[in-house]
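For reference, final18.cif is printed below; it contains mmCIF, C-alpha atoms and all ligand atoms.
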```cif
data_target
loop_
_atom_site.group_PDB
_atom_site.id
_atom_site.type_symbol
_atom_site.label_atom_id
_atom_site.label_comp_id
_atom_site.auth_asym_id
_atom_site.auth_seq_id
_atom_site.Cartn_x
_atom_site.Cartn_y
_atom_site.Cartn_z
ATOM 1 C CA MET A 1 77.328 102.375 114.063
ATOM 2 C CA SER A 2 79.856 103.231 116.672
ATOM 3 C CA ASN A 3 83.345 103.727 115.435
ATOM 4 C CA PHE A 4 84.992 104.331 118.747
ATOM 5 C CA THR A 5 88.692 103.865 119.146
ATOM 6 C CA ILE A 6 90.001 102.093 122.205
ATOM 7 C CA CYS A 7 92.870 103.955 123.804
ATOM 8 C CA PRO A 8 95.973 101.724 123.752
ATOM 9 C CA PHE A 9 97.099 103.161 127.072
ATOM 10 C CA CYS A 10 94.083 103.260 129.360
ATOM 11 C CA GLY A 11 91.341 101.379 127.448
ATOM 12 C CA ASN A 12 89.043 104.386 127.349
ATOM 13 C CA SER A 13 86.735 104.538 124.299
ATOM 14 C CA ILE A 14 87.401 107.622 122.243
ATOM 15 C CA PRO A 15 84.865 109.168 119.818
ATOM 16 C CA PRO A 16 86.039 109.211 116.171
ATOM 17 C CA ALA A 17 86.089 113.001 116.073
ATOM 18 C CA ALA A 18 88.209 113.342 119.192
ATOM 19 C CA SER A 19 91.966 113.559 118.927
ATOM 20 C CA VAL A 20 92.695 113.477 122.652
ATOM 21 C CA CYS A 21 91.856 110.661 125.053
ATOM 22 C CA ALA A 22 89.637 111.886 127.878
ATOM 23 C CA GLY A 23 91.081 109.239 130.187
ATOM 24 C CA CYS A 24 94.804 109.773 129.948
ATOM 25 C CA GLN A 25 95.323 112.766 127.600
ATOM 26 C CA ALA A 26 96.975 110.654 124.888
ATOM 27 C CA GLU A 27 96.940 112.479 121.540
ATOM 28 C CA ALA A 28 96.087 111.013 118.128
ATOM 29 C CA HIS A 29 98.401 111.898 115.292
ATOM 30 C CA ARG A 30 96.986 111.171 111.857
ATOM 31 C CA GLY A 31 98.961 110.634 108.675
ATOM 32 C CA ALA A 32 102.453 109.465 107.918
ATOM 33 C CA SER A 33 105.077 110.113 110.520
ATOM 34 C CA SER A 34 108.285 111.717 109.300
ATOM 35 C CA ALA A 35 110.022 108.363 109.783
ATOM 36 C CA ASP A 36 107.499 106.696 107.454
ATOM 37 C CA ALA A 37 108.024 109.342 104.777
ATOM 38 C CA GLN A 38 111.806 109.211 105.102
ATOM 39 C CA GLY A 39 111.847 105.427 104.885
ATOM 40 C CA ALA A 40 109.684 105.458 101.762
ATOM 41 C CA ALA A 41 111.780 108.216 100.183
ATOM 42 C CA LEU A 42 114.984 106.270 100.829
ATOM 43 C CA LEU A 43 113.388 103.177 99.359
ATOM 44 C CA GLY A 44 112.409 105.151 96.241
ATOM 45 C CA ILE A 45 115.910 106.633 95.941
ATOM 46 C CA ALA A 46 117.507 103.218 96.290
ATOM 47 C CA ALA A 47 115.120 101.527 93.866
ATOM 48 C CA CYS A 48 115.221 104.186 91.143
ATOM 49 C CA GLY A 49 118.887 105.022 91.703
ATOM 50 C CA GLY A 50 119.684 101.318 91.352
ATOM 51 C CA LEU A 51 117.580 101.106 88.216
ATOM 52 C CA GLY A 52 119.322 104.174 86.775
ATOM 53 C CA TRP A 53 122.750 102.807 87.663
ATOM 54 C CA PHE A 54 121.837 99.461 86.117
ATOM 55 C CA THR A 55 120.441 100.914 82.888
ATOM 56 C CA GLY A 56 122.815 103.900 82.713
ATOM 57 C CA PHE A 57 119.843 106.209 82.347
ATOM 58 C CA HIS A 58 120.367 109.353 84.438
ATOM 59 C CA PRO A 59 120.758 107.651 87.819
ATOM 60 C CA PHE A 60 120.751 110.942 89.769
ATOM 61 C CA ILE A 61 117.567 112.204 88.139
ATOM 62 C CA LEU A 62 115.901 108.834 88.584
ATOM 63 C CA SER A 63 116.857 108.638 92.247
ATOM 64 C CA ALA A 64 115.538 112.156 92.877
ATOM 65 C CA VAL A 65 112.263 111.233 91.193
ATOM 66 C CA GLY A 66 112.159 107.972 93.142
ATOM 67 C CA GLY A 67 112.617 109.782 96.445
ATOM 68 C CA ALA A 68 109.856 112.257 95.666
ATOM 69 C CA VAL A 69 107.492 109.509 94.564
ATOM 70 C CA GLY A 70 108.323 107.469 97.667
ATOM 71 C CA ALA A 71 107.631 110.337 100.054
ATOM 72 C CA PHE A 72 104.459 111.245 98.179
ATOM 73 C CA GLY A 73 103.310 107.610 98.196
ATOM 74 C CA ALA A 74 103.907 107.333 101.942
ATOM 75 C CA GLY A 75 101.606 110.308 102.481
ATOM 76 C CA ILE A 76 98.840 108.431 100.649
ATOM 77 C CA VAL A 77 99.511 104.989 102.098
ATOM 78 C CA TYR A 78 99.678 106.234 105.673
ATOM 79 C CA SER A 79 97.014 108.945 105.407
ATOM 80 C CA ASP A 80 94.578 106.885 107.510
ATOM 81 C CA LYS A 81 97.193 105.813 110.003
ATOM 82 C CA VAL A 82 96.529 106.995 113.528
ATOM 83 C CA THR A 83 99.330 106.949 116.030
ATOM 84 C CA TRP A 84 98.505 107.500 119.682
ATOM 85 C CA LYS A 85 101.106 109.251 121.732
ATOM 86 C CA ARG A 86 100.812 109.764 125.423
ATOM 87 C CA ILE A 87 102.170 112.987 126.752
ATOM 88 C CA GLN A 88 103.841 112.586 130.102
ATOM 89 C CA ARG A 89 101.849 114.378 132.699
ATOM 90 C CA THR A 90 103.744 116.217 135.343
ATOM 91 C CA ARG A 91 102.210 116.635 138.707
HETATM 92 ZN ZN ZN B 1 93.763 106.915 127.293
#
```

Let me see the file written as structure tokens.
Ligand SMILES: [Zn+2]
Amino acid sequence: MSNFTICPFCGNSIPPAASVCAGCQAEAHRGASSADAQGAALLGIAACGGLGWFTGFHPFILSAVGGAVGAFGAGIVYSDKVTWKRIQRTR
């Protein structure tokens, strides 16, 4: 079973264990990006803060919990996400 990744930049096939493309030096970054985690945390803050505001039950505590849960959830949801980034080569 080959599980090779195709490089989105140069089409080179990359072994699963490799984190750098041999063809164009693009690097694989695994896991949630900071933007993913921030977005999820904001969503959690908004959802739980809104719930707290609506029910009158400690909105600030709820929003803090919501933000933490959101950021934590993003780490799980995006843990298999691989983002390829090509570093500009200077010659
Ligand atoms: Zn490549």

Let me know the residues the PyMOL selection byres (((chain A and resi 17-31) around 7) and not hetatm) catches in the file above, as a PyMOL selection string. chain A and resi 7+10+12+14-16+32-33+75+78-87

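Between atom CA of A:Leu42 and atom CA of A:Ile76 there is a distance of 16.3 Å.
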
To test your reading of the syntax: which residues would the PyMOL selection byres (((chain A and resi 61) around 12) and not hetatm) return for the file shown? Reply as an MDAnalysis selection string. chainID A and resid 44:45 48:53 56:60 62:68

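In this comparison, which uses only C-alpha atoms and all ligand atoms, the residue of A:Gln88, A:Ala71, A:Leu43, A:Asn3 approaching ligand ZN 1 (chain B) most closely is A:Gln88.
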
Do you have the atom CA of A:Val69-atom CA of A:Ala40 distance handy? 8.5 Å

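With distances taken over only C-alpha atoms and all ligand atoms, A:Gly11 is the one residue among A:Ala46, A:Gly11, A:Gly39, A:Ala74 lying closest to ligand ZN 1 (chain B).
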
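Checking A:Ile6, A:Ala35, A:Ala41, A:Ala47 one by one against A:Phe72, counting all atoms listed in the file, you find the shortest gap at A:Ala41.
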
So for stretch 21-25 of chain A, what box centre and size do we get, axis-aligned, 8 Å extra on each of the six sides, every listed atom, Å to one decimal, as AutoDock Vina command-line options?
```
--center_x 92.5 --center_y 111.0 --center_z 127.6 --size_x 21.7 --size_y 19.5 --size_z 21.1
```

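Ranking A:Phe4, A:Gln38, A:Phe54, A:Ser13 by their shortest atom-to-atom distance to ligand ZN 1 (chain B), with only C-alpha atoms and all ligand atoms included, puts A:Ser13 first.
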